[in-house]
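**Student:** This one is input.txt, compact mmCIF, C-alpha atoms and all ligand atoms.
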# COMPACT_ATOMS: atom_id res chain seq x y z
CA MET A 11 141.20 29.81 74.69
CA TYR A 12 143.10 33.08 75.06
CA ARG A 13 145.07 33.20 78.26
CA LYS A 14 147.09 36.02 79.75
CA ILE A 15 150.29 34.52 81.05
CA LEU A 16 153.02 36.17 83.10
CA THR A 17 156.47 34.75 82.48
CA ILE A 18 159.45 35.82 84.57
CA GLN A 19 162.96 35.06 83.32
CA ASP A 20 166.04 36.93 82.14
CA ILE A 21 166.60 38.43 78.72
CA SER A 22 169.80 37.03 77.25
CA CYS A 23 170.10 39.20 74.15
CA VAL A 24 172.13 36.61 72.26
CA GLY A 25 171.75 32.92 73.01
CA GLN A 26 168.18 31.76 72.33
CA CYS A 27 167.11 31.03 75.88
CA SER A 28 164.78 32.30 78.59
CA LEU A 29 162.51 35.18 77.45
CA THR A 30 163.71 35.26 73.84
CA VAL A 31 162.39 31.68 73.62
CA ALA A 32 159.34 31.93 75.91
CA LEU A 33 157.80 35.04 74.35
CA PRO A 34 157.68 33.81 70.73
CA ILE A 35 156.60 30.30 71.70
CA LEU A 36 153.80 31.37 74.02
CA SER A 37 152.63 34.07 71.60
CA ALA A 38 152.66 31.67 68.62
CA ALA A 39 150.43 29.38 70.67
CA GLY A 40 147.89 32.19 70.91
CA ASN A 41 148.44 33.53 74.42
CA GLU A 42 148.78 37.08 75.60
CA THR A 43 152.29 36.89 76.96
CA VAL A 44 153.36 39.42 79.56
CA ILE A 45 157.08 39.39 80.32
CA LEU A 46 158.80 40.45 83.50
CA PRO A 47 162.56 40.48 82.76
CA SER A 48 164.64 39.65 85.83
CA ALA A 49 167.97 40.68 84.30
CA LEU A 50 169.41 41.85 81.01
CA LEU A 51 172.46 39.94 79.78
CA SER A 52 174.51 40.38 76.62
CA THR A 53 174.51 36.57 76.18
CA HIS A 54 173.63 33.56 78.33
CA THR A 55 176.27 32.43 80.79
CA MET A 56 177.36 29.18 79.14
CA GLY A 57 180.15 29.01 76.61
CA PHE A 58 180.73 32.66 75.67
CA ASN A 59 184.01 34.22 76.81
CA LYS A 60 182.19 36.68 79.09
CA PHE A 61 178.79 38.31 79.52
CA THR A 62 177.41 41.62 80.77
CA CYS A 63 174.54 41.55 83.26
CA LEU A 64 172.17 44.23 84.53
CA ASP A 65 170.25 42.96 87.56
CA LEU A 66 166.63 44.18 87.38
CA THR A 67 165.45 43.07 90.84
CA ASN A 68 164.51 46.60 91.95
CA GLU A 69 162.74 47.33 88.68
CA MET A 70 160.80 44.05 88.98
CA GLU A 71 159.36 45.20 92.29
CA LYS A 72 158.41 48.60 90.87
CA ILE A 73 156.72 46.96 87.87
CA ILE A 74 154.77 44.53 90.08
CA ASN A 75 153.62 47.41 92.30
CA HIS A 76 152.43 49.35 89.28
CA TRP A 77 150.50 46.32 87.99
CA LYS A 78 148.88 45.98 91.43
CA GLU A 79 147.70 49.59 91.20
CA GLU A 80 146.30 48.94 87.71
CA ASN A 81 144.62 45.72 88.92
CA VAL A 82 146.35 43.64 86.23
CA LYS A 83 145.49 39.93 86.71
CA PHE A 84 146.94 36.80 85.11
CA ASP A 85 145.52 33.39 84.14
CA ALA A 86 148.90 31.68 84.25
CA PHE A 87 152.41 32.05 85.67
CA TYR A 88 155.63 30.53 84.38
CA THR A 89 159.10 31.13 85.75
CA GLY A 90 162.42 29.97 84.32
CA TYR A 91 166.01 31.05 84.89
CA LEU A 92 166.19 33.67 87.64
CA GLY A 93 169.68 35.02 88.23
CA ASN A 94 169.89 35.27 92.03
CA ASP A 95 168.02 34.98 95.35
CA GLY A 96 166.62 38.52 95.06
CA GLN A 97 165.08 37.81 91.68
CA VAL A 98 163.34 34.69 93.03
CA GLU A 99 161.99 36.73 95.97
CA ALA A 100 160.81 39.42 93.54
CA ALA A 101 159.12 36.80 91.32
CA LEU A 102 157.21 35.52 94.36
CA LYS A 103 155.86 39.04 94.91
CA ALA A 104 153.96 38.71 91.60
CA VAL A 105 151.89 35.77 92.92
CA PRO A 106 149.11 38.03 94.33
CA LEU A 107 148.53 39.19 90.73
CA LEU A 108 147.35 35.72 89.72
CA LYS A 109 143.68 34.83 89.41
CA GLU A 110 142.44 32.26 91.88
CA ASN A 111 142.64 29.29 89.51
CA ALA A 112 145.74 30.43 87.65
CA ILE A 113 147.99 27.69 86.26
CA LYS A 114 151.47 27.94 87.80
CA ILE A 115 154.42 26.22 86.16
CA ILE A 116 157.93 26.43 87.57
CA ASP A 117 161.05 25.42 85.67
CA PRO A 118 163.78 25.24 88.34
CA ALA A 119 166.37 26.16 85.70
CA MET A 120 169.58 26.14 87.73
CA ALA A 121 171.76 23.16 86.81
CA ASP A 122 172.73 20.48 84.30
CA PHE A 123 175.20 17.61 83.95
CA GLY A 124 175.53 17.26 87.74
CA VAL A 125 176.51 20.89 88.44
CA LEU A 126 174.83 24.22 89.18
CA TYR A 127 175.06 26.93 86.48
CA PRO A 128 177.95 29.35 87.18
CA ALA A 129 175.81 32.03 88.88
CA PHE A 130 174.34 29.77 91.59
CA ASP A 131 175.14 28.24 94.99
CA LEU A 132 173.33 26.08 97.55
CA ASP A 133 171.51 29.07 99.12
CA TYR A 134 169.98 29.69 95.71
CA VAL A 135 168.78 26.07 95.61
CA GLU A 136 166.84 26.74 98.84
CA LYS A 137 165.11 29.73 97.19
CA ILE A 138 164.23 27.65 94.13
CA LYS A 139 162.74 24.96 96.39
CA LYS A 140 160.49 27.68 97.80
CA ILE A 141 159.26 28.89 94.40
CA CYS A 142 158.69 25.27 93.30
CA GLU A 143 156.22 24.94 96.22
CA ILE A 144 153.78 27.28 94.49
CA GLY A 145 153.97 25.36 91.19
CA GLU A 146 151.10 23.23 89.97
CA VAL A 147 153.72 21.61 87.72
CA ILE A 148 157.52 21.60 88.07
CA LEU A 149 159.89 20.76 85.20
CA PRO A 150 163.30 19.69 86.58
CA ASN A 151 166.01 17.80 84.72
CA ILE A 152 167.80 15.00 86.58
CA THR A 153 170.50 17.33 87.97
CA GLU A 154 167.92 19.82 89.22
CA ALA A 155 165.89 17.02 90.79
CA CYS A 156 169.05 15.98 92.67
CA PHE A 157 169.63 19.52 93.97
CA LEU A 158 165.97 19.81 95.00
CA THR A 159 165.95 16.48 96.85
CA GLY A 160 169.56 16.29 98.07
CA LEU A 161 170.02 12.93 96.31
CA LYS A 162 173.34 12.17 94.63
CA TYR A 163 173.64 12.83 90.89
CA GLN A 164 174.42 9.72 88.86
CA GLU A 165 175.12 10.22 85.21
CA LYS A 166 174.61 6.50 84.66
CA HIS A 167 171.30 5.48 86.17
CA ASP A 168 168.57 2.86 86.05
CA GLU A 169 164.80 3.12 86.43
CA LYS A 170 165.00 2.48 90.20
CA TYR A 171 167.11 5.65 90.55
CA ILE A 172 164.60 7.69 88.51
CA LEU A 173 161.64 6.38 90.52
CA ASN A 174 163.46 7.22 93.74
CA LEU A 175 163.99 10.79 92.49
CA LEU A 176 160.29 11.06 91.62
CA TYR A 177 159.15 9.71 95.01
CA SER A 178 161.56 12.08 96.78
CA LEU A 179 160.23 15.06 94.83
CA ARG A 180 156.69 14.01 95.70
CA ASN A 181 157.71 13.75 99.38
CA LEU A 182 158.81 17.38 99.22
CA GLY A 183 155.19 18.22 98.35
CA TYR A 184 155.51 18.84 94.60
CA LYS A 185 152.31 17.62 93.00
CA LYS A 186 152.83 17.28 89.25
CA ILE A 187 156.36 16.53 88.16
CA VAL A 188 157.85 16.30 84.68
CA LEU A 189 161.38 14.90 85.02
CA LYS A 190 163.52 15.37 81.91
CA GLY A 191 166.53 13.48 80.63
CA ALA A 192 166.24 9.91 81.93
CA ASN A 193 168.97 8.10 80.05
CA LEU A 194 168.13 4.43 80.38
CA SER A 195 169.06 3.03 76.98
CA LYS A 196 171.50 3.51 74.11
CA ASP A 197 169.24 5.34 71.71
CA LYS A 198 166.25 6.70 73.66
CA ILE A 199 165.60 9.44 76.23
CA ARG A 200 162.66 9.27 78.60
CA ILE A 201 160.72 12.09 80.17
CA TYR A 202 158.96 10.86 83.31
CA ILE A 203 155.62 12.21 84.42
CA TYR A 204 154.34 11.93 87.97
CA ASP A 205 150.71 12.96 88.33
CA LYS A 206 148.39 10.47 89.98
CA GLU A 207 150.55 7.70 88.57
CA ILE A 208 153.98 7.54 87.02
CA SER A 209 154.27 7.33 83.22
CA TYR A 210 156.83 8.35 80.65
CA TYR A 211 157.25 9.59 77.11
CA GLU A 212 160.22 8.23 75.21
CA HIS A 213 161.92 9.80 72.20
CA GLU A 214 165.01 9.43 70.07
CA LYS A 215 168.34 10.35 71.73
CA ILE A 216 170.66 12.81 70.00
CA ASP A 217 174.25 12.47 71.18
CA LYS A 218 174.95 16.18 71.25
CA SER A 219 173.76 18.68 73.81
CA PHE A 220 172.57 22.21 73.01
CA HIS A 221 172.10 25.24 75.24
CA GLY A 222 168.58 26.51 75.79
CA THR A 223 166.81 23.23 75.10
CA GLY A 224 165.47 23.21 78.68
CA ASP A 225 163.84 26.57 77.98
CA VAL A 226 162.49 25.44 74.60
CA PHE A 227 161.03 22.34 76.29
CA ALA A 228 159.54 24.35 79.18
CA SER A 229 158.02 27.05 76.97
CA SER A 230 156.48 24.60 74.50
CA PHE A 231 155.26 22.49 77.44
CA VAL A 232 153.59 25.55 79.00
CA ALA A 233 152.04 26.47 75.63
CA LYS A 234 150.46 23.02 75.23
CA TYR A 235 149.47 22.75 78.90
CA LEU A 236 147.58 26.06 78.74
CA GLU A 237 145.67 24.63 75.78
CA THR A 238 145.02 21.10 77.08
CA GLU A 239 145.82 20.93 80.84
CA ASP A 240 147.01 17.42 80.00
CA LEU A 241 150.42 16.54 81.44
CA TYR A 242 151.17 13.62 79.10
CA LEU A 243 150.08 15.40 75.88
CA SER A 244 152.03 18.51 76.83
CA THR A 245 155.15 16.48 77.66
CA LYS A 246 154.94 14.60 74.37
CA PHE A 247 154.42 17.82 72.43
CA ALA A 248 157.33 19.59 74.14
CA GLY A 249 159.64 16.58 73.73
CA ASP A 250 158.89 16.36 70.01
CA PHE A 251 159.09 20.14 69.55
CA THR A 252 162.50 20.32 71.23
CA LEU A 253 163.83 17.34 69.28
CA LYS A 254 162.72 18.96 66.03
CA ALA A 255 164.41 22.25 67.00
CA ILE A 256 167.63 20.32 67.72
CA LYS A 257 167.41 18.56 64.36
CA GLU A 258 167.03 21.94 62.63
CA THR A 259 170.34 22.97 64.23
CA LEU A 260 172.50 19.84 64.00
CA ASP A 261 173.98 20.53 60.56
CA ASP A 262 175.17 24.05 61.47
CA PRO A 263 178.40 23.94 63.52
CA GLU A 264 178.38 27.74 63.92
CA HIS A 265 175.08 27.60 65.78
CA TRP A 266 176.45 26.17 69.06
CA TYR A 267 174.75 28.57 71.53
CA GLY A 268 171.07 27.59 71.12
CA VAL A 269 168.59 25.82 68.85
CA LYS A 270 166.66 27.04 65.82
CA PHE A 271 163.23 26.71 67.47
CA GLU A 272 161.85 29.45 65.18
CA LYS A 273 161.72 26.84 62.40
CA CYS A 274 159.15 24.89 64.46
CA LEU A 275 156.80 27.70 65.53
CA ASN A 276 154.27 26.54 62.95
CA LEU A 277 153.62 23.48 65.16
CA LEU A 278 152.16 25.82 67.77
CA THR A 279 149.84 27.91 65.66
CA GLU A 280 147.23 25.13 65.25
CA GLY A 281 146.64 25.27 69.01
CA ALA A 282 146.28 29.06 68.76
CA LYS A 283 143.11 28.67 66.68
CA LYS A 284 141.31 26.73 69.43
O1 LIG B 301 168.85 28.23 79.49
C1 LIG B 301 169.00 28.57 80.80
C2 LIG B 301 169.67 29.89 80.96
C3 LIG B 301 168.92 31.05 80.90
N1 LIG B 301 169.47 32.26 81.08
C4 LIG B 301 170.79 32.39 81.30
C5 LIG B 301 171.60 31.26 81.34
C6 LIG B 301 171.03 29.98 81.17
C7 LIG B 301 171.85 28.79 81.23
O2 LIG B 301 172.99 28.83 81.53
O3 LIG B 301 172.90 31.41 81.52
C8 LIG B 301 171.37 33.76 81.51
Can the structure in the file be given as structure tokens, please?

**Tutor:**
Amino acid sequence: MYRKILTIQDISCVGQCSLTVALPILSAAGNETVILPSALLSTHTMGFNKFTCLDLTNEMEKIINHWKEENVKFDAFYTGYLGNDGQVEAALKAVPLLKENAIKIIDPAMADFGVLYPAFDLDYVEKIKKICEIGEVILPNITEACFLTGLKYQEKHDEKYILNLLYSLRNLGYKKIVLKGANLSKDKIRIYIYDKEISYYEHEKIDKSFHGTGDVFASSFVAKYLETEDLYLSTKFAGDFTLKAIKETLDDPEHWYGVKFEKCLNLLTEGAKK
């Protein structure tokens, strides 16, 4: 399988997130990976003292128009962090470039730990709800699921709370849901999957959070899903891949801004041979 995927996210030059994660992961998995950068930042927006940002919304539209003229078509579509309403609108303009049966995966990367990332407000949430509607699969964490559904964020939660979030997401029309970060026990994290039925994959909990792990999870999920189209297998693979990347980073206190996912790329190359 050799798929041509379009991924739309920012380039954070330093920080190991968004396109600097998606491009190597999807390429290592044996896909032709076309990038459409939505913005160019010196670093990501979390934890550095400042960041520079060049908004590329206008350029995105020009690029999409050129691709239309060249009749460029894609087998898959994956969006992650998009910096503002205009960038989400511009990303939606790329949808006509997708082949009829293209796989569409949306990571509503906008929030964590109960709050929106610094760049975003509630109008932005409405735009993200719109782009999620075109997704075959959406990949929210618990906070993002709360913003999508309007339900209250509870750091401490039980399974009833998680199921309610899943049912509420389904009621909004989202078909396949991978809900990350269910924290139901002392030493395990669950990732819930809602396809025809609800299931979950459980893995070891690490009591330290790292930036960019949502993007590492989403990109490795997309890589495996393009190969298998199996929601459970892809979730398990991405959960294990992300955990391994975190473990590669834990012993290095200077590496606080992202995870060393490059050390795990070999896990993807087997799939590339298929
Ligand atoms: O990892 C998500 C992400 C991507 N891109 C930028 C970010 C963040 C998270 O804060 O700031 C620019």

**Student:** I want to know what sits within 9 Å of region 267-273 of chain A, based on all atoms listed in the file, with residues of the same chain fewer than 6 positions away left out; could you give that as a count of residues only?

**Tutor:** 25

**Student:** Mind dumping a table of every chain A residue within 9 Å of ligand LIG 301 (chain B), with the nearest atom pair and its distance in Å to one decimal, using all atoms listed in the file, sorted by chain and rising number, as CSV?

**Tutor:**
residue,atom,partner,partner_atom,distance
A:Gln19,CA,B:LIG301,N1,7.4
A:Asp20,CA,B:LIG301,N1,5.9
A:Ile21,CA,B:LIG301,N1,7.2
A:Ser22,CA,B:LIG301,C8,5.6
A:Gly25,CA,B:LIG301,C4,8.4
A:Gln26,CA,B:LIG301,O1,8.0
A:Cys27,CA,B:LIG301,O1,4.9
A:Ser28,CA,B:LIG301,C3,4.9
A:Leu29,CA,B:LIG301,C3,8.4
A:Ala49,CA,B:LIG301,C8,8.2
A:Leu50,CA,B:LIG301,C8,8.3
A:Leu51,CA,B:LIG301,C8,6.5
A:Ser52,CA,B:LIG301,C8,8.8
A:Thr53,CA,B:LIG301,C8,6.8
A:His54,CA,B:LIG301,C8,3.9
A:Thr55,CA,B:LIG301,O3,3.6
A:Met56,CA,B:LIG301,O2,5.0
A:Gly57,CA,B:LIG301,O2,8.7
A:Phe61,CA,B:LIG301,C8,8.9
A:Cys63,CA,B:LIG301,C8,8.6
A:Gly90,CA,B:LIG301,C3,7.4
A:Tyr91,CA,B:LIG301,C3,4.9
A:Leu92,CA,B:LIG301,N1,7.5
A:Gly93,CA,B:LIG301,C8,7.0
A:Ala119,CA,B:LIG301,C1,6.1
A:Met120,CA,B:LIG301,C1,7.4
A:Ala121,CA,B:LIG301,O2,7.8
A:Asp122,CA,B:LIG301,O2,8.8
A:Tyr127,CA,B:LIG301,O2,5.7
A:Pro128,CA,B:LIG301,O2,7.5
A:Ala129,CA,B:LIG301,O3,7.9
A:His221,CA,B:LIG301,O1,6.1
A:Gly222,CA,B:LIG301,O1,4.1
A:Thr223,CA,B:LIG301,O1,7.0
A:Gly224,CA,B:LIG301,O1,6.1
A:Asp225,CA,B:LIG301,O1,5.5
A:Val226,CA,B:LIG301,O1,8.5
A:Gly268,CA,B:LIG301,O1,8.7

**Student:** What does the distance between CA of Asn193 (chain A) and CA of Lys139 (chain A) come to in Å, to one decimal place?

**Tutor:**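 We find that CA of Asn193 (chain A) and CA of Lys139 (chain A) lie 24.3 Å from each other.
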
**Student:** When distances are computed from only C-alpha atoms, which of A:Glu42, A:Glu214, A:Glu99, A:Glu71 shows the smallest separation from Phe84 (chain A)?

**Tutor:**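 Checking each of A:Glu42, A:Glu214, A:Glu99, A:Glu71 against Phe84 (chain A), counting only C-alpha atoms, the winner is A:Glu42.
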
**Student:** Which polymer residues have any atom within 10 Å of an atom of Leu102 (chain A), counting only C-alpha atoms, with same-chain residues fewer than 6 positions away left out, as a ChimeraX atom specification?

**Tutor:** /A:89,96,140-141,144

**Student:** How many Å lie between CA of Leu182 (chain A) and CA of Thr159 (chain A), rounded to one decimal?

**Tutor:**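 These atoms are spaced 7.6 Å apart.
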
**Student:** As an exercise, work out the distance from CA of Phe231 (chain A) to CA of Lys186 (chain A) in Å and give it to one decimal place.

**Tutor:**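 If I compute the distance from CA of Phe231 (chain A) to CA of Lys186 (chain A), I get 13.1 Å.
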
**Student:** Which is closest to Ile148 (chain A) among A:Asp117, A:Asp261, A:Glu237, A:Asp85, if we use all atoms listed in the file?

**Tutor:** A:Asp117

**Student:** Have a look at A:Pro118, A:Gly124, A:Pro47, A:Gly40 and name the one nearest to Thr153 (chain A); count all atoms listed in the file.

**Tutor:** A:Gly124

**Student:** Residues near Asn94 (chain A), anyone? I mean within 10 Å using only C-alpha atoms, not counting same-chain ones fewer than 5 positions away, as a PDB file with C-alpha atoms, keeping the file's coordinate frame.

**Tutor:**
ATOM      1  CA  SER A  48     164.640  39.650  85.830  1.00  0.00           C
ATOM      2  CA  ALA A  49     167.970  40.680  84.300  1.00  0.00           C
ATOM      3  CA  ASP A  65     170.250  42.960  87.560  1.00  0.00           C
ATOM      4  CA  THR A  67     165.450  43.070  90.840  1.00  0.00           C
ATOM      5  CA  GLU A  99     161.990  36.730  95.970  1.00  0.00           C
ATOM      6  CA  ALA A 129     175.810  32.030  88.880  1.00  0.00           C
ATOM      7  CA  PHE A 130     174.340  29.770  91.590  1.00  0.00           C
ATOM      8  CA  ASP A 131     175.140  28.240  94.990  1.00  0.00           C
ATOM      9  CA  ASP A 133     171.510  29.070  99.120  1.00  0.00           C
ATOM     10  CA  TYR A 134     169.980  29.690  95.710  1.00  0.00           C
ATOM     11  CA  VAL A 135     168.780  26.070  95.610  1.00  0.00           C
ATOM     12  CA  LYS A 137     165.110  29.730  97.190  1.00  0.00           C
ATOM     13  CA  ILE A 138     164.230  27.650  94.130  1.00  0.00           C
TER      14      ILE A 138
END
